[in-house]
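K.L.:
Got a structure for you, written out below as structure tokens; questions coming shortly.
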Amino acid sequence: GCGGGNSDSGSGGSGDSASKNKEELHVAISANPPSLDPQSINSNIVGGIGVHVYEPLFAMNADYEPTPVLAESYEVSDDGMVYTIKLRQGVKFHNGEEMTADDVVASMNRWIEVSAKANTLIGGSVFEKVDDYTVNLKVNQASSDIIMILASPIQAAAIYPAEVVESATAEGISEYIGTGPYKVSEWKQDQYVKLEAYEDYQPSEGEASGLAGEKQAATPTIYYDVVTDASTRIAGVQSGEYDISEEIPIDNYEDLSSDNGLTLKVDRGGTLNLFLDTTEGVMANQTFRQAVLAALNCDDIMLAAYGNPDLYELNASWSDPTDTQWGTDEGSEYYNQQDTEKAKELLAEAGYNNEKVVLVTTQDYPEMYNATLVVQEELKQAGINAEVETYDFSTFMEHRSDPQQFDMFITSNSYNMLPIQLSVLDSGWAGLNAPEVTEGITAIRAASSDEEAAEAWADLQTFLYEYGAATVLGHYTGVIAMDKGVTGYDYLRFPIYWNVTASE
Amino acid sequence: MEEKKNETLLEIKELKVSFPVHKKWLPAVDGVSLEIHPGEITGIVGESGSGKSVMSQSILRLRDHDTAVRYEGEILFEGENLLQKPLFRMRDIRGNQISVIFQDPLNSLSPVHTVGNQISEVLILHKQLSKEEAGKRSIQMLKMTGIPDPEACMKKYPFELSGGMQQRVMIAMALACEPKLLIADEPTTALDVTIQEQILHLIRDLNERLGMSVLFITHDMGVVSRICHSVKVMYLGQVVEEAQTQELFENPCHPYTQGLLACIPHLRVERGKELPVIQGSVPSLSNIPEGCHFCTRCRLADDTCRNCPPPLVEISPGHKVKCWKYADGAKEREVTAS
Amino acid sequence: MLKYILKRILSLIPVLFVVSCVIFLVVYMIPGGPATALLGMEATPDQIDALNAELGFDRPFLVQYVDWFTNVLRGDWGESYFLHQTVTSAIAEYFVPTLSLAVFAQIIALILSIPLGILAAYKRGTALDLTCVTASLLGSALPGFLLSMFLMLFFGVYLHWFPVAGYAALSEGLGEHLRYLFLPALSLGIVQAAYLTRMTRSSLLETLYKNYIQTARAKGLKEKKVVMKYALKNGAPVILTAVGQSFGSLITGTIVTETLFNIPGLGMLTLTSINRRDVFVIQGVVIFVTLLYVIVNLIVDILYGFTDPRLRPGRK
Amino acid sequence: MSEHLLEIKNLKKTFPLRNGGWFGKKERMCAVDNLSLTIEKGETYGLVGESGCGKSTTGRMIVGLTKADSGSILYEGKDISKMSEREFRPLRKELQMVFQNSLSALNPRLRIGEILEEILQIHGEQDKAKRRKRVLEVLEKVGLSEEHYFRFPHELSGGQVQRLGIAGALIIHPKLIVCDEPVSALDVSIQAQILNMLMNLKKELRLSLLFISHDIGVIRFISDRIGVMYLGTLVEETDTETLFANPLHPYTKTLFAAIPDPYIQGGEFQALTGEQPVRTEDFQGCAFYSRCPYAKEICKKQAPEFREVEPGHKAACHCIEK
Amino acid sequence: MLIRRKSISAASEAIFREQRTLKKEKLLANPALIIGFVGFVLIVLLAVFVPIFNSTDPNAMEVTKRLQPPGDGYLFGTDEFGRDLFVRVMYGARVSLWVGGCVAIFSCVLGTIIGIYASYFKVLDQILMRICDGLIAIPGILLAIALIAALGTSSWNVILALTIVYTPSVARTVRVSALVIKEQAYVEAAKVQGFSNFRILWRMILPGVISPLTVQASFIFAQAIISEASLSFLGAGIPAPAASWGNMLESSKMVFSRAPWTMICPGAAVILCVLSLNLLGDGLRDYLDPKVKGGKKKA
Ligand SMILES: Nc1ncnc2c1ncn2[C@@H]1O[C@H](COP(=O)(O)OP(=O)(O)OP(=O)(O)O)[C@@H](O)[C@H]1O
Ligand SMILES: Nc1ncnc2c1ncn2[C@@H]1O[C@H](COP(=O)(O)OP(=O)(O)OP(=O)(O)O)[C@@H](O)[C@H]1O
Ligand SMILES: [Mg+2]
Ligand SMILES: [Mg+2]
């Protein structure tokens with residue numbers, strides 16, 4: 001493995017001398033990954049480990065541009081219905097076999113089927129083999145965002161060997177073989193996932209940038225240690241047990257930032273959202289929902305949920321506000337109104353008769369729980385008989401999915417590359433089933449230019465607020481604590497460790 | 001015997017043992033004095049509750065560990081005042097020089113240790129015997145007390161034995177180290193007469209062979225007559241009469257002693273006729289009369305008896321009585337007249 | 001004796017049957033299936049339903065149970081959806097750390113509690129007694145996680161004496177193994193010690209005033225021996241029960257500690273399996289733990305006989 | 001003679017002999033073997049014998065504390081040895097027992113008054129005042145005073161406790177009391193009171209007693225008939241006068257020789273020699289064989305029959321001529 | 001033990017009067033009992049009356065004032081929502097005392113019944129103890145989740161789940177103590193005197209197991225208060241914003257290094273409460289034990 005050798009010496013070079021760098025990097029993650037199948041599972045942890053192990057055809061670079069990784073180039077037919085994608089040659093899977101079109105076709109077709117994000121957008125599209133290093137994608141509907149979708153890191157279109165795809169069951173794949181800079185060397189359930197640098201790794205060309213470009217495997221071994229308890233993750237990174245701890249509760253931010261031995265990284269994570277049932281009982285009344293929105297004080301909610309004003313942002317946008325294309329604060333007149341009086345008026349108008357309104361939540365996610373309590377209190381102030389029901393995560397999910405069993409709930413959703421991938425637009429998510437939504441999505445996808453698409457999205461966002469289907473409460477950040485000696489850290493939707501070294 | 005009598009093994013001087021009851025210190029033993037010479041068997045008889053057990057336990061200061069107790073007076077063992085000894089130093093004396101047979105064998109043996117274990121323990125402790133030697137000696141001791149199949153008995157637990165057997169185990173345990181002084185608190189109550197006789201033999205044998213002194217507490221006058229050289233009669237914390245055994249039975253002086261001897265159902269008592277009894281019952285410690293403790297039940301009691309504590313009068317050598325009746329001539333005459 | 005043990009174990013079978021039935025029913029009744037956990041937070045209900053159906057969780061209770069039960073009769077305890085291994089091998093693997101932890105914690109608890117309990121009973125009513133009792137009360141009133149966190153911060157972060165969390169298998173050397181287990185064992189041990197101290201004290205208070213204690217003293221035994229040999233042994237049944245219980249509760253009570261100290265043991269497995277609705281694992285763990293309990297209790301019951309012949313099984 | 005109050009026939013009780021060995025087979029010893037006796041109404045039956053010969057076990061079987069292995073105990077014609085606890089309960093009022101060590105037979109947590117009252121209560125006396133009156137009466141009868149009403153058992157001396165044990169049995173007017181060494185812990189003056197009391201009660205109430213004691217003097221004083229037990233079985237039985245006038249069995253003779261009496265000095269006692277055997281289930285021969293001065297060959301092999309040597313005088317010995 | 005005056009003599013009456021003063025004296029000579037009692041009553045009174053006289057809503061949030069240290073208008077400071085900790089501790093007392101008390105009482109009563117019967121009847125012993133073995137192995141968390149599914153959210157879930165969790169251990173403790181007492185001669189004597197099994201169990205054996213029981217009860221009380229939080233976590237307990245000591249402690253976990261008072265205040269409340277209950281239990285035991293006089297035990 002000259003590639004592996006290269007990256008090793010490279011990391012040695014960047015860290016002054018090889019002996020000073022640790023051979024093992026310990027990253028404390030918050031939960032055991034349910035599987036290591038990023039295609040089918042929408043989970044930050046699966047995705048985070050996945051980007052180190054698997055590679056897609058295209059991936060986002062630091063500027064959110066789709067960049068070829070396993071693909072070499074592509075062409076689009078004039079009608080926009082067929083994409084011909086050339087594959088890189090000589091890329092080897094961790095099992096030593098070369099990646100060919102068969103693997104790509106098998107993987108991508110599975111992806112379209114099992115990835116919820118893909119399925120809703122390009123369901124019905126198919127990949128076909130042209131020759132060993134060329135594949136065709138026949139899409140179901142022409143759209144400007146196809147490559148964008150293929151490059152989306154969430155439920156990424158990871159390429160597995162064809163055998164792995166074939167042996168996959170409902171629970172997911174059972175062998176974890178990719179083409180990435182690290183291979184899975186051991187997965188001790190509930191303890192750690194151990195990644196080792198893959199010697200025959202073939203990096204794609206270009207500067208390292210986001211999820212694309214050159215990946216080095218700078219530290220030979222990465223341990224993802226499963227540490228479910230946040231205080232243990234903190235204590236662990238403080239004591240040097242872990243080099244990096246993910247998902248630091250924001251309440252500990254100040255404490256840790258005064259610790260000289262640590263660096264804290266704050267990365268944009270997503271939005272904390274309040275979803276309203278739009279179908280049942282009093283919640284079906286749009287005026288009532290507007291009253292709910294009017295009563296909210298997002299300052300308080302976000303403060304209670306995230307603790308430090310530096311660590312969150314108040315903005316009505318459903319997408320990353322810094323996203324030049326999709327970030328818009330359209331509909332912000334409905335956002336963070338802090339107007340109890342207006343809420344009361346609207347309630348009267350809606351003929352609200354003190355019906356019970358149930359907020360379901362789970363304490364497994366403290367920020368969701370805290371926000372829920374504040375919302376409840378604010379709704380009570382406005383005169384709404386709000387009640388909180390707390391469940392364990394699974395039960396919560398069960399209640400959440402059935403509009404009969406909830407009136408409102410809060411979840412955090414990490415950013416999507418495309419607004420059309422937002423959960424709120426999925427009728428199965430919180431029961432929002434309005435024709436305006438479908439129309440809006442069609443408009444965005446059919447848009448001929450970026451500007452047109454952005455406009456269509458702004459309209460849809462406004463509708464969401466007007467209709468009172470859901471509201472953003474604020475934008476949160478994720479805090480990662482790492483030892484001072486850790487360098488080369490990068491973040492794009494997931495923490496990226498392949499260029500990371502830690503000095504002894 | 002005569003030379004031995006000069007030195008005393010145990011001398012108790014004006015011993016008073018009090019317990020706190022409702023914030024008052026009540027004396028269970030109230031000014032008892034006695035001397036035990038080497039090789040002497042002293043019997044103590046008396047009403048139950050008269051403080052016999054308390055007195056005997058005080059000698060080893062067994063109550064000190066878990067009860068609030070107050071001692072006055074002196075207990076001299078070989079010239080050393082035990083009441084002044086630090087408690088942990090008592091260990092050298094207990095079980096080795098002075099040993100006790102407790103009144104209540106059923107509760108005095110640990111239910112979770114085998115008989116053998118409990119007996120050989122003393123031997124290992126004081127005689128520095130090895131386990132096997134101690135075991136052998138224990139079996140010997142059990143055999144001496146007449147327990148059938150002593151080897152098997154060694155492995156038994158107390159609850160598997162009959163009351164009499166338990167008592168014999170206690171006795172074997174107490175005698176194992178051949179102590180200088182044996183305090184036997186009603187050692188034969190649970191034994192049948194043949195075994196009792198055997199035990200008495202054993203004690204007498206040790207007494208004669210090794211010069212072991214015995215403080216023998218019992219209710220059984222028959223036993224007293226068979227084994228004791230001298231007897232003390234206790235009533236409500238005090239010794240009311242003391243004499244050589246023969247003398248006491250032939251010439252009991254104190255009204256209490258007289259009453260006591262009268263109510264024994266010995267073999268010449270006519271069957272079916274009521275036994276004579278001492279009327280009344282022992283007053284509780286909290287209302288002991290001012291004067292003679294026995295005055296509440298004494299048919300001869302007068303105001304003097306009720307108000308002034310009687311002196312201990314020596315009416316013949318070695319025969320002392322604590323009674324006004326013998327204090328002066330006048331009273332004596334009065335009694336005989338009536 | 002053998003017969004007795006056999007009888008005890010046989011009498012277990014109906015219990016296990018009932019327990020398994022109850023657990024299955026309970027898991028069946030509770031909302032959510034493995035799919036929720038498999039698919040993650042942003043999964044849509046349709047996906048969840050589809051996966052649950054695929055895994056067979058939409059079938060009626062009896063069908064599922066009978067299915068499971070016949071498999072068990074064939075020696076197949078099912079497979080975990082998450083661990084990618086059979087339930088039996090998962091339990092075998094997760095049990096080792098728990099057993100180590102429990103034994104270690106129990107040793108710590110015993111070392112702390114028995115002497116303290118004895119001392120407190122012996123010095124009843126003194127300042128020493130009061131201190132022991134208060135300390136043990138504090139121990140039992142302090143939430144376990146606070147104690148653990150405190151130990152973690154003090155010994156791990158501040159002093160750097162012990163690793164903050166994690167687990168080293170015995171194969172990595174005994175020293176390393178114990179080093180990792182020390183803090184969790186200490187935190188569990190302290191809580192158990194609190195309970196044991198009080199039980200020891202109260203049972204000794206009963207025996208210390210018995211006549212046979214007097215007899216022992218009259219033999220000239222040292223106080224230490226009087227207490228250790230006579231008082232303690234006579235009070236042993238109660239203490240033993242408490243020890244058995246505390247050992248038992250160590251096996252199930254490790255959920256918090258194991259999660260906090262990140263030890264891959266049965267406690268953690270129980271919790272994660274419940275959260276994931278990993279039904280076969282839950283089933284397996286509960287049955288396994290029941291078995292463990294019965295064995296621990298059986299041992300305790302046999303030990304009763306050693307300490308107190310009157311409690312010997314099969315007497316009368 | 002069909003109106004026996006109590007008739008015991010061929011009673012047998014065994015205990016496992018060795019406690020050692022967790023897995024070993026257990027040998028059993030007979031604590032009581034083939035014992036038969038009868039007690040009439042108003043009669044006092046004295047039971048004497050070496051300690052460990054099974055007297056207490058017999059007593060316990062009569063009151064149902066120990067279940068007999070075989071044989072029968074007929075109380076007023078009903079076999080109580082095979083009754084269940086529930087069937088037995090109505091008879092409890094009539095069959096009482098006084099224990100050898102009364103302190104442990106008293107609930108240490110209750111006051112004397114409460115203990116006694118409770119007994120009355122369970123036997124149907126619901127009126128509190130009446131109960132109290134009766135308790136105070138009984139206390140007085142056994143020589144305790146009102147003051148003891150409020151005492152706890154452990155606050156009494158050994159003698160007082162024993163009196164209390166008797167009070168507990170007396171309080172419900174039983175027909176038969178099994179007295180297991182009720183006076184051996186008492187001092188003579190109390191003993192005399194108790195014996196007098198028992199005599200009077202016996203006369204008054206036609207009370208029957210099974211009186212177990214070591215004290216031959218006491219037994220002689222109180223019993224109408226006496227059974228002498230040795231190693232689990234009766235060796236001699238007859239009325240008191242006859243027994244003392246003419247003891248037949250060698251063991252009885254040794255027993256009498258050992259009686260200590262303050263007024264009979266001397267009379268050197270011949271200690272029993274020889275081992276006392278353990279009566280296992282396959283025990284053969286005369287139990288007293290090993291210690292009997294008159295032992296013959298036959299005694300070793302064949303158990304002597306317990307037969308009527310003279311009218312009303314039974315004994316079990318090969319050496320006694322009819 | 002009231003005596004009808006007419007039935008007894010004057011002497012008895014005097015004794016009776018003396019007995020009463022003695023009882024009083026014994027009570028007063030037992031500082032543990034008094035301190036424990038006063039402490040516990042105080043806590044109960046605070047729990048009952050502070051909420052009545054204090055108009056502050058325990059759930060009122062002032063998020064901008066979150067994690068204020070004690071003083072400055074907030075006696076105990078504020079929590080992460082800016083709620084007044086003092087008021088919450090007082091309100092929390094209600095829930096915690098209720099849950100702790102119910103669980104301790106229910107599991108002790110149930111456990112005692114099971115343990116005593118098991119100790120006395122051989123057949124029951126096998127059945128009951130094996131059931132306990134099974135029960136003890138069922139994780140409380142699972143039970144709690146199931147109970148919510150069956151009964152919806154209410155504090156009874158917690159009480160029920162915890163009672164089921166703790167009952168077996170009480171049963172075992174009671175059983176073994178009872179086994180020893182059963183062998184005592186006075187139990188045999190009682191049988192002879194015609195006591196029914198029922199009476200023997202409850203009048204003779206029960207008092208003997210009180211002492212280990214009080215220890216266990218106080219232990220369970222404390223544990224229940226703490227566990228309530230972890231079950232409320234699953235929604236099995238007290239509906240969300242309501243305060244309980246357990247959930248206050250639980251939520252302090254996240255912020256306690258920054259705001260230690262969020263942990264210290266409810267923690268101290270739990271400890272004080274358990275402490276006084278224990279003193280009460282110990283004192284009561286001594287008071288009821290006839291062998292104890294003025295703190296010392298009589299041989
Ligand atoms: N710890 C104590 N506290 C209070 N009183 C006590 C204590 N110990 C013993 N007594 C009292 O001391 C008195 C003497 O008791 P002791 O046991 O010595 O009597 P005794 O002569 O041995 O009687 P018996 O022949 O019945 O055994 C009794 O009245 C008893 O109640
Ligand atoms: N529970 C038991 N287990 C085993 N053996 C027993 C048990 N109870 C009694 N024995 C044995 O049965 C025999 C008879 O005992 P029992 O108590 O009836 O004798 P006893 O005649 O009353 O003696 P004592 O006069 O000494 O009280 C003894 O050898 C004893 O060891
Ligand atoms: Mg005495
Ligand atoms: Mg007996």
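By order of appearance in the structure tokens: chains A, B, ..., then residues from 1 within every chain, and ligands from 1 in the order shown.
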Please identify the residues whose atoms come within 8 Å of ligand 3, using only C-alpha atoms and all ligand atoms, and report them as a list of chain:residue names.
P.N.:
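Protein and nucleic-acid residues within 8 Å of ligand 3: B:Ser48, B:Gly49, B:Gly51, B:Lys52, B:Ser53, B:Val54, B:Gln103, B:Asp185, B:Glu186, D:Ser157, D:Gly158.
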K.L.:
Store the residues of this selection in a file with N, CA, C and O atoms, as a compact mmCIF listing (two decimals), in the first residue's frame.
P.N.:
# COMPACT_ATOMS: atom_id res chain seq x y z
N SER B 48 -35.60 -17.39 94.93
CA SER B 48 -35.18 -16.85 93.65
C SER B 48 -35.37 -15.35 93.66
O SER B 48 -36.27 -14.82 94.30
N GLY B 49 -34.51 -14.68 92.96
CA GLY B 49 -34.52 -13.22 92.97
C GLY B 49 -33.73 -12.65 94.13
O GLY B 49 -33.71 -11.44 94.33
N GLY B 51 -30.59 -12.59 94.42
CA GLY B 51 -29.32 -12.01 94.01
C GLY B 51 -28.17 -12.99 93.93
O GLY B 51 -27.03 -12.58 93.82
N LYS B 52 -28.49 -14.27 93.94
CA LYS B 52 -27.43 -15.26 93.89
C LYS B 52 -26.69 -15.19 92.56
O LYS B 52 -25.47 -15.13 92.52
N SER B 53 -27.47 -15.18 91.51
CA SER B 53 -26.83 -15.16 90.19
C SER B 53 -26.09 -13.86 89.97
O SER B 53 -24.98 -13.84 89.44
N VAL B 54 -26.69 -12.78 90.38
CA VAL B 54 -26.04 -11.48 90.19
C VAL B 54 -24.71 -11.46 90.91
O VAL B 54 -23.69 -11.05 90.37
N GLN B 103 -26.94 -20.83 84.87
CA GLN B 103 -28.19 -21.36 85.35
C GLN B 103 -29.04 -21.93 84.21
O GLN B 103 -29.71 -22.92 84.38
N ASP B 185 -23.91 -22.25 89.10
CA ASP B 185 -25.22 -21.62 89.34
C ASP B 185 -26.31 -22.62 88.97
O ASP B 185 -26.64 -22.78 87.81
N GLU B 186 -26.80 -23.28 89.98
CA GLU B 186 -27.82 -24.32 89.78
C GLU B 186 -27.43 -25.28 88.67
O GLU B 186 -28.10 -25.39 87.65
N SER D 157 -37.30 -12.92 87.98
CA SER D 157 -36.26 -13.90 88.28
C SER D 157 -36.74 -15.27 87.79
O SER D 157 -37.89 -15.46 87.43
N GLY D 158 -35.79 -16.21 87.76
CA GLY D 158 -36.08 -17.53 87.23
C GLY D 158 -37.34 -18.15 87.83
O GLY D 158 -38.17 -18.70 87.11
K.L.:
Write as number ranges by chain the residues around ligand 4, taking 10 Å as the cut-off and counting only C-alpha atoms and all ligand atoms.
P.N.:
B: 161-165, 190-192; D: 49-60, 99-101, 180-181, 212-214
K.L.:
Up to 8 Å from chain C, what residues of chain A turn up? Count only C-alpha atoms and give them as an MDAnalysis selection string.
P.N.:
chainID A and resid 34:35 40:43 116 170:171 174 189:191 226:229 231:232 235:236 238:239 241 392:395 397:398 401 413 423 428:429
K.L.:
Keeping N, CA, C and O atoms for every residue in the selection just given, could you write it to a file as a CSV table (one decimal), in the first residue's frame?
P.N.:
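Below you can see result.csv, which holds the result:
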chain,number,residue,atom,x,y,z
A,34,PRO,N,-26.8,2.0,15.6
A,34,PRO,CA,-27.7,0.9,15.5
A,34,PRO,C,-27.2,-0.1,14.4
A,34,PRO,O,-27.5,-1.2,14.4
A,35,SER,N,-26.5,0.5,13.5
A,35,SER,CA,-25.9,-0.4,12.4
A,35,SER,C,-24.8,0.5,11.8
A,35,SER,O,-24.7,1.6,12.1
A,40,SER,N,-29.4,3.3,4.8
A,40,SER,CA,-30.7,3.1,5.3
A,40,SER,C,-31.0,3.9,6.6
A,40,SER,O,-32.2,4.1,6.9
A,41,ILE,N,-30.0,4.3,7.3
A,41,ILE,CA,-30.3,4.9,8.6
A,41,ILE,C,-29.9,6.4,8.6
A,41,ILE,O,-28.8,6.8,8.3
A,42,ASN,N,-30.8,7.2,9.1
A,42,ASN,CA,-30.6,8.6,9.2
A,42,ASN,C,-30.2,8.9,10.6
A,42,ASN,O,-31.0,9.0,11.5
A,43,SER,N,-28.9,8.8,10.8
A,43,SER,CA,-28.4,9.0,12.2
A,43,SER,C,-27.0,9.7,12.1
A,43,SER,O,-26.2,9.3,11.3
A,116,ALA,N,-34.7,7.0,2.8
A,116,ALA,CA,-36.0,7.8,2.8
A,116,ALA,C,-35.8,9.1,2.1
A,116,ALA,O,-36.6,9.5,1.3
A,170,ALA,N,-33.5,-6.9,6.1
A,170,ALA,CA,-34.3,-5.8,6.5
A,170,ALA,C,-33.6,-4.9,7.6
A,170,ALA,O,-33.8,-3.7,7.7
A,171,GLU,N,-32.8,-5.6,8.4
A,171,GLU,CA,-32.1,-4.8,9.4
A,171,GLU,C,-30.9,-4.1,8.9
A,171,GLU,O,-30.2,-3.4,9.6
A,174,SER,N,-24.8,-6.5,6.7
A,174,SER,CA,-24.1,-7.2,7.8
A,174,SER,C,-22.6,-7.2,7.7
A,174,SER,O,-21.9,-7.6,8.6
A,189,GLN,N,-20.0,-4.3,20.3
A,189,GLN,CA,-21.3,-3.6,20.5
A,189,GLN,C,-21.3,-2.9,21.9
A,189,GLN,O,-20.8,-3.4,22.8
A,190,ASP,N,-21.8,-1.7,21.8
A,190,ASP,CA,-22.0,-0.9,23.0
A,190,ASP,C,-20.6,-0.5,23.6
A,190,ASP,O,-20.6,0.1,24.7
A,191,GLN,N,-19.5,-0.8,23.0
A,191,GLN,CA,-18.3,-0.4,23.5
A,191,GLN,C,-17.5,0.6,22.6
A,191,GLN,O,-17.3,1.7,22.9
A,226,VAL,N,-18.2,4.3,22.6
A,226,VAL,CA,-19.6,4.6,22.9
A,226,VAL,C,-19.7,5.0,24.4
A,226,VAL,O,-19.5,4.2,25.3
A,227,VAL,N,-20.0,6.3,24.6
A,227,VAL,CA,-20.2,6.8,26.0
A,227,VAL,C,-21.5,7.5,26.1
A,227,VAL,O,-21.6,8.6,25.7
A,228,THR,N,-22.5,6.8,26.5
A,228,THR,CA,-23.8,7.3,26.5
A,228,THR,C,-24.0,8.5,27.4
A,228,THR,O,-24.8,9.4,27.2
A,229,ASP,N,-23.3,8.5,28.5
A,229,ASP,CA,-23.6,9.5,29.5
A,229,ASP,C,-22.7,10.8,29.2
A,229,ASP,O,-21.5,10.7,29.1
A,231,SER,N,-22.0,13.3,31.0
A,231,SER,CA,-21.0,13.8,32.0
A,231,SER,C,-19.7,12.9,32.0
A,231,SER,O,-18.6,13.3,32.2
A,232,THR,N,-19.9,11.6,31.6
A,232,THR,CA,-18.8,10.8,31.4
A,232,THR,C,-17.9,11.2,30.2
A,232,THR,O,-16.7,11.2,30.3
A,235,ALA,N,-16.0,14.2,31.5
A,235,ALA,CA,-14.9,13.8,32.4
A,235,ALA,C,-13.8,13.1,31.6
A,235,ALA,O,-12.6,13.3,31.9
A,236,GLY,N,-14.2,12.3,30.7
A,236,GLY,CA,-13.3,11.5,29.9
A,236,GLY,C,-12.3,12.4,29.1
A,236,GLY,O,-11.1,12.1,29.0
A,238,GLN,N,-11.7,15.4,29.7
A,238,GLN,CA,-10.9,16.2,30.6
A,238,GLN,C,-9.7,15.4,31.2
A,238,GLN,O,-8.6,15.9,31.4
A,239,SER,N,-10.0,14.1,31.4
A,239,SER,CA,-8.9,13.3,32.0
A,239,SER,C,-8.0,12.8,31.0
A,239,SER,O,-7.0,12.2,31.3
A,241,GLU,N,-8.8,10.6,28.7
A,241,GLU,CA,-9.3,9.2,28.3
A,241,GLU,C,-9.7,9.2,26.9
A,241,GLU,O,-9.4,8.3,26.1
A,392,ASP,N,-40.2,7.2,27.1
A,392,ASP,CA,-38.9,6.8,26.7
A,392,ASP,C,-38.9,6.9,25.1
A,392,ASP,O,-40.0,7.1,24.5
A,393,PHE,N,-37.8,6.9,24.6
A,393,PHE,CA,-37.6,7.3,23.2
A,393,PHE,C,-38.6,6.5,22.2
A,393,PHE,O,-39.3,7.1,21.4
A,394,SER,N,-38.6,5.2,22.4
A,394,SER,CA,-39.4,4.4,21.5
A,394,SER,C,-40.9,4.8,21.6
A,394,SER,O,-41.6,4.9,20.6
A,395,THR,N,-41.3,4.9,22.8
A,395,THR,CA,-42.7,5.2,23.0
A,395,THR,C,-43.0,6.6,22.4
A,395,THR,O,-44.1,6.8,21.8
A,397,MET,N,-41.6,8.0,20.0
A,397,MET,CA,-41.7,7.9,18.5
A,397,MET,C,-43.0,7.3,18.1
A,397,MET,O,-43.6,7.8,17.1
A,398,GLU,N,-43.5,6.4,18.9
A,398,GLU,CA,-44.8,5.8,18.6
A,398,GLU,C,-45.9,6.9,18.7
A,398,GLU,O,-46.7,7.0,17.8
A,401,SER,N,-45.8,9.6,16.0
A,401,SER,CA,-46.2,9.3,14.6
A,401,SER,C,-47.7,9.2,14.4
A,401,SER,O,-48.1,9.1,13.3
A,413,ASN,N,-33.9,18.8,14.2
A,413,ASN,CA,-33.6,18.1,13.0
A,413,ASN,C,-32.4,18.8,12.4
A,413,ASN,O,-32.2,20.0,12.3
A,423,SER,N,-38.2,17.1,7.0
A,423,SER,CA,-39.2,16.2,7.5
A,423,SER,C,-40.6,16.8,7.5
A,423,SER,O,-41.6,16.1,7.3
A,428,GLY,N,-46.0,11.9,6.4
A,428,GLY,CA,-45.9,10.8,7.4
A,428,GLY,C,-45.3,11.3,8.7
A,428,GLY,O,-45.4,10.7,9.8
A,429,TRP,N,-44.7,12.5,8.7
A,429,TRP,CA,-43.9,12.9,9.8
A,429,TRP,C,-44.8,13.5,11.0
A,429,TRP,O,-44.8,13.0,12.1
K.L.:
Contacts of Val72 (chain C) at 12 Å or less, counting only C-alpha atoms, minus same-chain residues fewer than 5 places along, as number ranges by chain?
P.N.:
C: 17, 20, 65-67, 77-79, 87-88, 280, 283-284, 287
K.L.:
Any residue with an atom at most 9 Å from ligand 1 counts, using only C-alpha atoms and all ligand atoms. Which are they? Put them as a PyMOL selection string.
P.N.:
(chain B and resi 17-21+25-29+45-57+63+67-69+103-104+185-186+217-219+234-237+282-285) or (chain D and resi 154-162+185-187) or (chain E and resi 297-299)
K.L.:
At a cut-off of 10 Å, using only C-alpha atoms, what residues contact Leu250 (chain C)? Leave out same-chain residues fewer than 5 positions from it and give the result as a list in words.
P.N.:
Thr98, Leu99, Leu101, Ala102, Val103, Ala105, Gln106, Ala185, Leu188, Gly189, Gln192, Gly244, Gln245, Ile255, Thr257 and Gly267 of chain C
